[in-house]
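File shown here: upload.pdb, holding PDB, C-alpha atoms, pLDDT in the B column.
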ATOM      1  CA  MET A   1      97.381  87.507 123.810  1.00 52.00           C
ATOM      2  CA  ASN A   2     100.036  90.095 122.930  1.00 80.00           C
ATOM      3  CA  GLU A   3      99.528  93.048 120.580  1.00 80.00           C
ATOM      4  CA  ILE A   4     100.645  91.167 117.471  1.00 80.00           C
ATOM      5  CA  GLU A   5      98.392  88.213 118.254  1.00 81.00           C
ATOM      6  CA  ASP A   6      95.482  90.614 118.869  1.00 79.00           C
ATOM      7  CA  ALA A   7      96.120  92.307 115.502  1.00 78.00           C
ATOM      8  CA  ARG A   8      96.370  88.962 113.761  1.00 75.00           C
ATOM      9  CA  ALA A   9      93.123  87.763 115.310  1.00 77.00           C
ATOM     10  CA  ALA A  10      91.451  90.998 114.185  1.00 78.00           C
ATOM     11  CA  GLY A  11      92.914  90.760 110.675  1.00 84.00           C
ATOM     12  CA  THR A  12      94.804  94.050 111.082  1.00 90.00           C
ATOM     13  CA  TYR A  13      97.290  93.482 108.285  1.00 95.00           C
ATOM     14  CA  VAL A  14      97.593  97.066 107.020  1.00 96.00           C
ATOM     15  CA  ILE A  15      97.639 100.352 108.959  1.00 96.00           C
ATOM     16  CA  SER A  16      97.832 103.810 107.374  1.00 95.00           C
ATOM     17  CA  LEU A  17     100.755 105.913 108.579  1.00 95.00           C
ATOM     18  CA  ASP A  18      98.323 108.589 109.748  1.00 93.00           C
ATOM     19  CA  ASN A  19      96.366 106.107 111.885  1.00 93.00           C
ATOM     20  CA  ALA A  20      96.777 106.479 115.655  1.00 91.00           C
ATOM     21  CA  GLN A  21      97.876 102.819 115.858  1.00 90.00           C
ATOM     22  CA  ALA A  22     100.798 103.511 113.528  1.00 93.00           C
ATOM     23  CA  THR A  23     102.943 104.793 116.402  1.00 94.00           C
ATOM     24  CA  ASN A  24     102.860 101.313 117.969  1.00 93.00           C
ATOM     25  CA  ARG A  25     106.309  99.802 117.380  1.00 92.00           C
ATOM     26  CA  ALA A  26     105.014  96.283 118.085  1.00 92.00           C
ATOM     27  CA  LEU A  27     102.700  96.546 115.063  1.00 94.00           C
ATOM     28  CA  VAL A  28     104.672  98.681 112.598  1.00 95.00           C
ATOM     29  CA  GLY A  29     108.320  98.365 113.676  1.00 92.00           C
ATOM     30  CA  GLY A  30     110.790 101.135 114.381  1.00 89.00           C
ATOM     31  CA  LYS A  31     110.771 102.876 111.001  1.00 91.00           C
ATOM     32  CA  GLY A  32     106.986 102.820 110.704  1.00 94.00           C
ATOM     33  CA  ALA A  33     106.487 104.165 114.231  1.00 94.00           C
ATOM     34  CA  ASN A  34     108.972 106.988 113.667  1.00 92.00           C
ATOM     35  CA  LEU A  35     107.278 108.024 110.416  1.00 95.00           C
ATOM     36  CA  ALA A  36     103.899 108.040 112.177  1.00 95.00           C
ATOM     37  CA  GLN A  37     105.335 110.258 114.920  1.00 95.00           C
ATOM     38  CA  LEU A  38     106.589 112.708 112.277  1.00 93.00           C
ATOM     39  CA  ILE A  39     103.071 112.833 110.821  1.00 94.00           C
ATOM     40  CA  GLU A  40     101.632 113.455 114.298  1.00 94.00           C
ATOM     41  CA  ALA A  41     104.046 116.390 114.586  1.00 94.00           C
ATOM     42  CA  ASP A  42     102.606 117.829 111.320  1.00 93.00           C
ATOM     43  CA  LEU A  43     105.827 117.341 109.391  1.00 90.00           C
ATOM     44  CA  PRO A  44     105.550 116.659 105.631  1.00 88.00           C
ATOM     45  CA  VAL A  45     105.749 112.879 105.155  1.00 91.00           C
ATOM     46  CA  PRO A  46     104.808 111.176 101.861  1.00 92.00           C
ATOM     47  CA  ALA A  47     101.597 109.166 102.089  1.00 93.00           C
ATOM     48  CA  GLY A  48     101.890 105.505 102.936  1.00 95.00           C
ATOM     49  CA  PHE A  49     100.884 102.560 105.052  1.00 96.00           C
ATOM     50  CA  CYS A  50     102.455  99.707 106.983  1.00 97.00           C
ATOM     51  CA  VAL A  51     101.960  96.031 106.322  1.00 97.00           C
ATOM     52  CA  THR A  52     101.953  95.021 109.972  1.00 96.00           C
ATOM     53  CA  THR A  53     103.841  92.481 112.016  1.00 95.00           C
ATOM     54  CA  ALA A  54     100.561  90.526 112.138  1.00 95.00           C
ATOM     55  CA  ALA A  55     100.980  89.960 108.387  1.00 96.00           C
ATOM     56  CA  TYR A  56     104.572  88.812 108.968  1.00 95.00           C
ATOM     57  CA  GLU A  57     103.424  86.340 111.618  1.00 94.00           C
ATOM     58  CA  GLU A  58     100.742  85.045 109.250  1.00 94.00           C
ATOM     59  CA  LEU A  59     103.231  84.612 106.401  1.00 95.00           C
ATOM     60  CA  THR A  60     105.807  82.806 108.559  1.00 93.00           C
ATOM     61  CA  ASP A  61     103.346  80.585 110.421  1.00 93.00           C
ATOM     62  CA  ASP A  62     104.948  77.381 109.222  1.00 92.00           C
ATOM     63  CA  PRO A  63     106.632  74.582 111.266  1.00 92.00           C
ATOM     64  CA  ALA A  64     109.709  74.447 109.012  1.00 89.00           C
ATOM     65  CA  ILE A  65     110.230  78.207 109.312  1.00 90.00           C
ATOM     66  CA  LYS A  66     109.782  78.141 113.100  1.00 88.00           C
ATOM     67  CA  ALA A  67     112.263  75.248 113.383  1.00 86.00           C
ATOM     68  CA  ALA A  68     114.821  77.128 111.278  1.00 84.00           C
ATOM     69  CA  ILE A  69     114.486  80.220 113.482  1.00 84.00           C
ATOM     70  CA  ASP A  70     115.090  78.057 116.554  1.00 82.00           C
ATOM     71  CA  GLU A  71     118.417  76.957 115.054  1.00 77.00           C
ATOM     72  CA  PHE A  72     119.739  80.513 115.342  1.00 76.00           C
ATOM     73  CA  SER A  73     119.845  80.393 119.127  1.00 73.00           C
ATOM     74  CA  ASP A  74     122.933  78.166 119.045  1.00 75.00           C
ATOM     75  CA  LEU A  75     124.823  80.028 116.316  1.00 77.00           C
ATOM     76  CA  ASP A  76     128.110  81.760 117.038  1.00 80.00           C
ATOM     77  CA  PRO A  77     127.852  85.314 115.582  1.00 78.00           C
ATOM     78  CA  SER A  78     131.395  84.914 114.217  1.00 82.00           C
ATOM     79  CA  ASP A  79     130.554  81.673 112.365  1.00 85.00           C
ATOM     80  CA  THR A  80     129.718  83.329 109.068  1.00 87.00           C
ATOM     81  CA  ALA A  81     129.478  80.051 107.138  1.00 89.00           C
ATOM     82  CA  ALA A  82     126.839  78.587 109.461  1.00 86.00           C
ATOM     83  CA  ILE A  83     124.886  81.872 109.504  1.00 86.00           C
ATOM     84  CA  ALA A  84     124.953  82.036 105.701  1.00 89.00           C
ATOM     85  CA  GLU A  85     123.671  78.471 105.366  1.00 89.00           C
ATOM     86  CA  VAL A  86     120.801  78.752 107.852  1.00 86.00           C
ATOM     87  CA  GLY A  87     119.880  82.261 106.731  1.00 89.00           C
ATOM     88  CA  SER A  88     119.740  81.295 103.061  1.00 92.00           C
ATOM     89  CA  THR A  89     117.496  78.328 103.821  1.00 90.00           C
ATOM     90  CA  LEU A  90     115.119  80.452 105.878  1.00 91.00           C
ATOM     91  CA  ARG A  91     114.907  83.301 103.353  1.00 93.00           C
ATOM     92  CA  THR A  92     114.112  80.794 100.607  1.00 94.00           C
ATOM     93  CA  ARG A  93     111.349  79.196 102.672  1.00 93.00           C
ATOM     94  CA  ILE A  94     109.730  82.580 103.335  1.00 95.00           C
ATOM     95  CA  GLN A  95     110.047  83.683  99.708  1.00 95.00           C
ATOM     96  CA  GLU A  96     108.384  80.460  98.567  1.00 94.00           C
ATOM     97  CA  ARG A  97     105.356  81.045 100.782  1.00 94.00           C
ATOM     98  CA  SER A  98     102.209  82.390  99.135  1.00 95.00           C
ATOM     99  CA  VAL A  99     101.054  85.704 100.539  1.00 96.00           C
ATOM    100  CA  PRO A 100      97.641  84.956 102.102  1.00 95.00           C
ATOM    101  CA  GLU A 101      94.683  86.327 100.161  1.00 96.00           C
ATOM    102  CA  GLU A 102      93.457  88.505 103.029  1.00 96.00           C
ATOM    103  CA  ILE A 103      96.854  90.240 103.205  1.00 96.00           C
ATOM    104  CA  ARG A 104      96.958  90.758  99.425  1.00 96.00           C
ATOM    105  CA  ASP A 105      93.424  92.217  99.540  1.00 96.00           C
ATOM    106  CA  ALA A 106      94.336  94.607 102.373  1.00 96.00           C
ATOM    107  CA  ILE A 107      97.413  95.877 100.501  1.00 96.00           C
ATOM    108  CA  GLU A 108      95.501  96.313  97.234  1.00 95.00           C
ATOM    109  CA  THR A 109      92.681  98.156  98.993  1.00 94.00           C
ATOM    110  CA  ASP A 110      95.049 100.704 100.565  1.00 93.00           C
ATOM    111  CA  LEU A 111      96.926 101.169  97.282  1.00 93.00           C
ATOM    112  CA  ASN A 112      93.660 101.899  95.479  1.00 90.00           C
ATOM    113  CA  GLU A 113      92.593 104.388  98.139  1.00 88.00           C
ATOM    114  CA  MET A 114      95.944 106.166  98.261  1.00 84.00           C
ATOM    115  CA  ALA A 115      96.876 106.800  94.625  1.00 74.00           C
ATOM    116  CA  ARG A 116      94.862 107.760  91.567  1.00 76.00           C
ATOM    117  CA  ASP A 117      97.840 107.291  89.236  1.00 80.00           C
ATOM    118  CA  PRO A 118      98.384 103.591  88.399  1.00 77.00           C
ATOM    119  CA  GLU A 119     102.005 104.420  87.551  1.00 85.00           C
ATOM    120  CA  GLN A 120     102.700 105.859  91.011  1.00 91.00           C
ATOM    121  CA  ALA A 121     106.089 104.633  92.280  1.00 95.00           C
ATOM    122  CA  TYR A 122     106.533 103.423  95.846  1.00 96.00           C
ATOM    123  CA  ALA A 123     109.310 102.721  98.297  1.00 96.00           C
ATOM    124  CA  VAL A 124     108.898  99.364 100.039  1.00 97.00           C
ATOM    125  CA  ARG A 125     110.896  99.516 103.289  1.00 96.00           C
ATOM    126  CA  SER A 126     111.585  96.989 106.023  1.00 94.00           C
ATOM    127  CA  SER A 127     110.625  98.073 109.540  1.00 93.00           C
ATOM    128  CA  ALA A 128     111.737  95.616 112.216  1.00 89.00           C
ATOM    129  CA  THR A 129     110.569  95.752 115.822  1.00 86.00           C
ATOM    130  CA  ALA A 130     114.223  95.686 116.938  1.00 64.00           C
ATOM    131  CA  GLU A 131     115.072  98.673 114.734  1.00 56.00           C
ATOM    132  CA  ASP A 132     116.114 102.177 115.835  1.00 53.00           C
ATOM    133  CA  LEU A 133     116.681 101.154 119.446  1.00 48.00           C
ATOM    134  CA  GLN A 134     118.741 103.245 121.844  1.00 51.00           C
ATOM    135  CA  GLU A 135     121.360 100.515 122.108  1.00 53.00           C
ATOM    136  CA  ALA A 136     121.261  99.169 118.512  1.00 48.00           C
ATOM    137  CA  SER A 137     120.176 100.871 115.284  1.00 52.00           C
ATOM    138  CA  PHE A 138     119.999  97.925 112.847  1.00 53.00           C
ATOM    139  CA  ALA A 139     120.583 100.475 110.069  1.00 56.00           C
ATOM    140  CA  GLY A 140     120.778  98.787 106.671  1.00 60.00           C
ATOM    141  CA  GLN A 141     120.286  95.285 108.049  1.00 69.00           C
ATOM    142  CA  GLN A 142     117.064  94.562 106.143  1.00 85.00           C
ATOM    143  CA  GLU A 143     115.969  95.305 102.577  1.00 89.00           C
ATOM    144  CA  THR A 144     114.501  98.431 100.985  1.00 93.00           C
ATOM    145  CA  PHE A 145     113.208  98.606  97.412  1.00 96.00           C
ATOM    146  CA  LEU A 146     112.640 101.832  95.462  1.00 95.00           C
ATOM    147  CA  ASN A 147     110.539 102.728  92.411  1.00 95.00           C
ATOM    148  CA  VAL A 148     108.204  99.763  92.828  1.00 96.00           C
ATOM    149  CA  ARG A 149     105.037  99.925  90.741  1.00 94.00           C
ATOM    150  CA  GLY A 150     101.852  97.870  90.669  1.00 93.00           C
ATOM    151  CA  ALA A 151     100.184  95.762  93.346  1.00 94.00           C
ATOM    152  CA  ASP A 152     101.769  92.445  92.320  1.00 95.00           C
ATOM    153  CA  GLU A 153     105.310  93.818  92.401  1.00 96.00           C
ATOM    154  CA  ILE A 154     104.687  95.638  95.687  1.00 96.00           C
ATOM    155  CA  ILE A 155     103.379  92.450  97.302  1.00 97.00           C
ATOM    156  CA  ASP A 156     106.428  90.525  96.050  1.00 97.00           C
ATOM    157  CA  ARG A 157     108.713  93.177  97.555  1.00 97.00           C
ATOM    158  CA  VAL A 158     106.795  93.106 100.844  1.00 97.00           C
ATOM    159  CA  ARG A 159     107.491  89.371 101.072  1.00 97.00           C
ATOM    160  CA  ALA A 160     111.162  89.961 100.162  1.00 96.00           C
ATOM    161  CA  CYS A 161     111.448  92.536 102.954  1.00 96.00           C
ATOM    162  CA  MET A 162     109.971  90.048 105.425  1.00 95.00           C
ATOM    163  CA  ALA A 163     112.468  87.397 104.310  1.00 95.00           C
ATOM    164  CA  SER A 164     115.297  89.918 104.770  1.00 93.00           C
ATOM    165  CA  LEU A 165     114.811  89.788 108.529  1.00 92.00           C
ATOM    166  CA  TYR A 166     117.171  86.830 108.076  1.00 91.00           C
ATOM    167  CA  THR A 167     119.945  88.323 105.987  1.00 90.00           C
ATOM    168  CA  ASP A 168     123.361  87.159 107.150  1.00 87.00           C
ATOM    169  CA  ARG A 169     124.189  90.611 108.495  1.00 85.00           C
ATOM    170  CA  ALA A 170     120.890  90.917 110.394  1.00 86.00           C
ATOM    171  CA  ILE A 171     121.328  87.486 112.014  1.00 86.00           C
ATOM    172  CA  ALA A 172     124.903  88.267 113.063  1.00 83.00           C
ATOM    173  CA  TYR A 173     123.969  91.747 114.337  1.00 81.00           C
ATOM    174  CA  ARG A 174     121.161  90.393 116.504  1.00 83.00           C
ATOM    175  CA  ALA A 175     123.424  87.671 117.893  1.00 80.00           C
ATOM    176  CA  THR A 176     126.192  90.174 118.646  1.00 80.00           C
ATOM    177  CA  ASN A 177     123.742  92.480 120.449  1.00 78.00           C
ATOM    178  CA  ASP A 178     121.948  89.671 122.333  1.00 75.00           C
ATOM    179  CA  VAL A 179     118.606  90.291 120.605  1.00 78.00           C
ATOM    180  CA  PRO A 180     116.664  86.977 120.599  1.00 77.00           C
ATOM    181  CA  HIS A 181     115.779  85.984 117.035  1.00 76.00           C
ATOM    182  CA  ASP A 182     112.391  84.565 118.007  1.00 76.00           C
ATOM    183  CA  GLU A 183     111.355  87.834 119.676  1.00 80.00           C
ATOM    184  CA  VAL A 184     111.841  90.005 116.588  1.00 86.00           C
ATOM    185  CA  SER A 185     109.154  90.641 113.998  1.00 89.00           C
ATOM    186  CA  LEU A 186     108.997  92.789 110.889  1.00 93.00           C
ATOM    187  CA  ALA A 187     106.527  95.189 109.317  1.00 95.00           C
ATOM    188  CA  VAL A 188     106.905  96.810 105.898  1.00 97.00           C
ATOM    189  CA  VAL A 189     106.374 100.483 105.059  1.00 97.00           C
ATOM    190  CA  VAL A 190     104.862 101.125 101.618  1.00 97.00           C
ATOM    191  CA  GLN A 191     105.273 104.813 100.875  1.00 96.00           C
ATOM    192  CA  GLN A 192     104.688 107.019  97.842  1.00 95.00           C
ATOM    193  CA  MET A 193     107.866 108.295  96.217  1.00 92.00           C
ATOM    194  CA  VAL A 194     107.958 112.019  95.495  1.00 88.00           C
ATOM    195  CA  GLU A 195     110.092 114.477  93.519  1.00 84.00           C
ATOM    196  CA  PRO A 196     111.986 116.330  96.286  1.00 81.00           C
ATOM    197  CA  ASP A 197     113.295 119.876  96.235  1.00 82.00           C
ATOM    198  CA  VAL A 198     115.907 118.962  98.869  1.00 79.00           C
ATOM    199  CA  SER A 199     116.891 115.836 100.765  1.00 75.00           C
ATOM    200  CA  GLY A 200     118.844 115.063 103.896  1.00 74.00           C
ATOM    201  CA  ILE A 201     119.140 112.996 107.039  1.00 71.00           C
ATOM    202  CA  PHE A 202     117.569 114.095 110.313  1.00 65.00           C
ATOM    203  CA  PHE A 203     119.012 112.944 113.662  1.00 61.00           C
TER     204      PHE A 203
END
Take the structure in the file and write it out as structure tokens.
Amino acid sequence: MNEIEDARAAGTYVISLDNAQATNRALVGGKGANLAQLIEADLPVPAGFCVTTAAYEELTDDPAIKAAIDEFSDLDPSDTAAIAEVGSTLRTRIQERSVPEEIRDAIETDLNEMARDPEQAYAVRSSATAEDLQEASFAGQQETFLNVRGADEIIDRVRACMASLYTDRAIAYRATNDVPHDEVSLAVVVQQMVEPDVSGIFF
């Protein structure tokens, strides 16, 4: 079994960003792992957790979804019409899936432990395993949602992020950079939003 299969078997669907496992890209994707490394370095990072790639694998464990992903292997990255058609079908199938109860419970438990204010706003951010690589950044290829409030809305946005692994631009970018579609998974960072004094981008 690989790391994702191990996590799925163990029911590891949510990992806090300050957990030692949160630096594992296979479980939390590139963005999640980088945030966890910043926390390890004692830098100020807003509190949050990752809905793991094990949760993504659970949500997409469906023959029709797997068959649609297999179709991508033959797509020409310049054939935008074909990519749009297959991608739209796949995103719809994922969005129509019910989030399993054990994943919903894990998300709700961490939300309850993390915030006392029921009106706390969160950022819900895609974190793909093929993200922030040395040879390909995948910046902006998947979805991010800001100012999300309440468990139900957060769970809906988590599912939308997982479906966005198959946006037209993400499919084409993977094909152009020879990243196999069936070897990519996606986690989702759920992170408290804060009122900043300053903001910027760190390279």
* To do: Identify, on the basis of all atoms listed in the file, every residue whose closest approach to Ala36 in chain A does not exceed 8 Å; exclude the query and any residue fewer than 5 positions from it along the same chain; express the result as a list in words.
  => Leu17, Asp18, Asn19, Ala22 and Thr23 of chain A
* Contacts of Gly48 in chain A at 8 Å (only C-alpha atoms; same-chain gap of 6+ positions) as a ChimeraX atom specification -> /A:16-17,114,189-192
* **Distance of CA of Ala84 in chain A from CA of Glu71 in chain A, expressed in Å to one decimal place** =>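 Separation of CA of Glu71 in chain A and CA of Ala84 in chain A: 12.5 Å.
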* Polymer residues at most 12 Å from Arg169 in chain A, all atoms listed in the file, same-chain spacing of 3 or more positions, as a PyMOL selection string -> chain A and resi 77-81+83-84+87-88+138-143+164-166+172-176
* Asked: How many Å separate CA of Val28 in chain A from CA of Phe72 in chain A?
  ->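 CA of Phe72 in chain A lies 23.8 Å from CA of Val28 in chain A.
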* Asked: Once the PyMOL selection byres ((chain A and resi 59-67) around 9) has been applied to the shown file, what residues remain in the selection, as JSON, numbers by chain?
  -> {"A": [54, 55, 56, 57, 58, 68, 69, 70, 71, 90, 93, 94, 97, 98, 99, 100, 159, 162, 182]}
* Neighbour list for Lys31 in chain A as a list in words, cut-off 10 Å, all atoms listed in the file, skip fewer than 2 positions in-chain -> Thr23, Arg25, Val28, Gly29, Ala33, Asn34, Leu35, Ala36, Gln37, Cys50, Arg125, Ser126, Ser127, Ala128, Thr129, Ala130, Glu131, Asp132, Ala187, Val188 and Val189 of chain A
* To do: Starting from the point (104.7, 107.4, 96.4), work out which residues of protein, DNA or RNA have an atom no more than 9 Å away when counting all atoms listed in the file; state them as a ChimeraX atom specification.
  => /A:46-48,115,120-123,147,190-194
* For Pro118 in chain A, please output as an MDAnalysis selection string all residues within 12 Å (counting all atoms listed in the file; exclusion window: fewer than 4 positions along the same chain). => chainID A and resid 108 111:114 122 148:151 192
* Asked: For Asp156 in chain A, which residue among A:Ala26, A:Ile171, A:Val86, A:Ile103 is the nearest when counting all atoms listed in the file?
  ->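 Result for the nearest residue to Asp156 in chain A: A:Ile103.
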